[in-house]
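Structure record follows, encoded as structure tokens.
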Amino acid sequence: MVEQAPWWSALLLPVVLAAFAVAAAMFGSVLTARTAGTAPGVAAAAPLRSAAGLLVRQRRSTLAADALLWRAAGVVLLLAGVLASLVTPLGRWSVGDLPVGVVWFNAMEVVAWAAVWLAGWGGNSAFGLSGGYRFVAQGVCYELPHMFALTTAAIGAGSLRVADIVAAQQQLWFVVWMPVAFAVFLLTVAAMAFWPPFDHPLGLDVAGGAASELSGVDRLVFLAGRWALLVSGSGMAVALFLGGGSGPLLPGWLWSVLKTAAVLAALVWAGRRLPTVRMERFAEVAWLVLIPATLVQALIVSIVVVAR
Amino acid sequence: MWQQIVFWLCAAGAVASGVAVFRVDSMARATFALLASFVFAAVTVLLVDLAYLGVLVLLMMIMEMVIMVLFMVMYMMNPAGLMPMTMVHNQKGALGISAGTFAVLTAVVYLVDWPSSGAARPADPAHALGEAIMGSKMLVMIVVGLALFATIVTTVVLATHRGRYDRYGDRLDRRSPDDPVRGGVGR
């Protein structure tokens with residue numbers, strides 16, 4: 001069903017992710033314009049304009065910044081966001097169909113912990129550092145529910161290979177009998193990409209948090225990395241819970257694209273509708289509600305798998 | 001051929017970043033140099049086709065090092081690397097011990113007459129090894145796991161600054177806990 005694409009598909013992967021990211025950023029910008037009552041046509045180009053602006057702007061430096069770790073942060077975040085999609089199939093093709101694809105995805109996205117903390121630390125600024133610490137606190141909250149959601153899909157298919165998980169959904173999409181895992185997965189994808197409402201690490205109350213001192217191309221790379229994470233998470237949600245590229249009439253790759261775009265649009269839309277969640281509140285919700293809920297979901301799925 | 005090249009690159013990278021841990025004087029740099037060393041080691045594990053183990057080393061080490069860097073910055077004498085601070089203590093003794101350990105281990109590798117097996121290589125060596133180590137001792141492992149988890153919970157309960165008597169009163173009769181910061185569940 002899902003097969004390994006030729007080696008040059010690895011070169012296409014960043015292009016596909018970038019296309020999704022730009023389209024989603026434009027969508028978000030148009031939504032903002034509609035709320036504000038300004039021209040949507042101008043707003044659609046706003047993300048490209050601001051990206052070009054960041055590209056040509058000279059970057060600020062701060063006193064006694066740890067330049068090596070600071071610059072590394074954005075590059076590592078972007079790299080991890082792209083590599084996370086290595087195992088996500090687009091229709092029939094997967095760039096790298098690893099036997100432990102789910103674990104690979106998880107390992108790549110956890111790189112964000114290091115990257116965001118480094119971005120906060122490197123600038124030698126108190127605001128930046130508190131943003132970095134906030135993200136690690138957030139990470140401790142979202143990571144376990146996220147892992148249990150991933151595990152639930154893997155249990156349902158009896159395999160850690162993403163291709164097997166997609167194949168196991170031929171009859172019934174996993175979202176139908178693992179709704180809790182799917183909801184928690186979407187929630188934690190937003191938290192992982194510090195996307196609103198989980199954007200406290202980049203909060204306005206700390207002058208932009210981890211990204212407060214990032215400027216110019218560094219900021220562009222860091223924000224691109226955040227988009228890559230969000231797109232990768234949406235793509236994986238489609239593969240794990242929404243049947244991958246399966247669907248009537250249209251070819252598989254188009255179904256993958258449409259479903260990923262729908263998930264991404266939902267995340268972008270929801271992020272604009274919900275107020276920022278503070279760490280100390282999310283911690284209690286994550287540990288007292290999300291972890292038990294995902295554990296019960298995993299238990300139910302395990303019983304079904306053993307019983308059938 | 002390419003595996004040889006990748007292996008030696010990773011081996012050299014792991015040693016170099018391991019050395020860097022003790023050469024830099026910033027806790028953040030030391031921790032992330034250590035992380036780089038672990039990542040290089042994980043790639044060598046991937047090279048011998050232990051995909052799960054290799055990716056797991058990556059996953060665990062990144063999480064561990066990010067947690068560790070917080071504690072390093074909190075507790076070490078020179079958090080920000082603004083003052084020079086040596087990362088090595090008992091330098092001569094440590095050098096002697098590590099050189100001796102290296103010599104002994106290398107000697108063991110070459111001098112011991114390792115047994116060889118005539119049995120064919122199983123299809124999934126990692127699975128076979130897991131069966132051999134864990135198969136008959138699963139019950140013990142489960143009990144050990146429970147004991148470890150109980151230890152963690154006990155440690156947290158003993159170490160926590162505010163217990164249930166602080167939150168719910170001496171008779172535990174307060175309806176909503178008296179917390180300095182309200183959590184997200186609405187209590």
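Identifiers for the structure tokens are assigned positionally: chains receive A, B, ... in sequence, residues are indexed from 1 per chain, and ligands are indexed from 1 in the order shown.
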Next item on the list: Please determine the contact residues of chain A with respect to chain B at a cut-off of 8 Å, counting only C-alpha atoms, and supply them as a VMD selection string.
Entry: chain A and resid 69 99 to 100 103 to 104 106 to 108 110 to 111 113 to 114 117 136 280 to 285 288
Item checked: Backbone DSSP call of helix (DSSP H, G or I) for range 136-173 of chain B, listed as a ChimeraX atom specification -> /B:136-159,164-168
Filtering to C-alpha atoms, could you give me those residues as an mmCIF file, in the first residue's frame?
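The resulting file, out.cif, is reproduced below:
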data_model
loop_
_atom_site.group_PDB
_atom_site.id
_atom_site.type_symbol
_atom_site.label_atom_id
_atom_site.label_comp_id
_atom_site.auth_asym_id
_atom_site.auth_seq_id
_atom_site.Cartn_x
_atom_site.Cartn_y
_atom_site.Cartn_z
ATOM 1 C CA SER B 136 11.221 -16.229 31.874
ATOM 2 C CA LYS B 137 11.702 -13.231 34.171
ATOM 3 C CA MET B 138 8.796 -11.103 33.063
ATOM 4 C CA LEU B 139 7.035 -11.393 36.425
ATOM 5 C CA VAL B 140 10.165 -10.183 38.224
ATOM 6 C CA MET B 141 10.486 -7.286 35.797
ATOM 7 C CA ILE B 142 6.862 -6.273 36.292
ATOM 8 C CA VAL B 143 7.284 -6.321 40.086
ATOM 9 C CA VAL B 144 10.536 -4.346 39.815
ATOM 10 C CA GLY B 145 8.770 -1.831 37.578
ATOM 11 C CA LEU B 146 5.983 -1.391 40.117
ATOM 12 C CA ALA B 147 8.520 -0.994 42.936
ATOM 13 C CA LEU B 148 10.411 1.636 40.957
ATOM 14 C CA PHE B 149 7.220 3.534 40.219
ATOM 15 C CA ALA B 150 6.157 3.361 43.887
ATOM 16 C CA THR B 151 9.592 4.726 44.829
ATOM 17 C CA ILE B 152 9.183 7.670 42.472
ATOM 18 C CA VAL B 153 5.725 8.484 43.823
ATOM 19 C CA THR B 154 6.942 8.147 47.440
ATOM 20 C CA THR B 155 9.921 10.403 46.788
ATOM 21 C CA VAL B 156 7.712 13.085 45.274
ATOM 22 C CA VAL B 157 5.223 12.812 48.160
ATOM 23 C CA LEU B 158 8.026 13.119 50.741
ATOM 24 C CA ALA B 159 9.765 15.957 48.912
ATOM 25 C CA ARG B 164 -2.745 17.507 51.369
ATOM 26 C CA TYR B 165 -2.914 18.864 54.957
ATOM 27 C CA ASP B 166 -1.609 22.202 53.707
ATOM 28 C CA ARG B 167 -4.085 22.195 50.866
ATOM 29 C CA TYR B 168 -7.206 20.816 52.549
#
Item checked: Distance in Å - CA of Ala181 in chain A versus CA of Ala266 in chain A -> 16.9 Å
Item checked: Contacts of Leu79 in chain A at 12 Å (only C-alpha atoms; same-chain gap of 2+ positions) as a PyMOL selection string -> chain A and resi 13-14+17+72-77+81-86+108-109+111-112+115+221-222+224-229+232
Check: Which residues, written as a ChimeraX atom specification, have at least one atom at most 10 Å from Val268 in chain A, with only C-alpha atoms counted and residues fewer than 3 positions away on the same chain left out?
Finding: /A:24-25,27-29,31,190,195-196,230,262-265,271-273
Check: Smallest atom-to-atom distance to Val73 in chain B: which of B:Ala128, B:Met27, B:Ala123, B:Val19, using only C-alpha atoms?
Finding: B:Met27
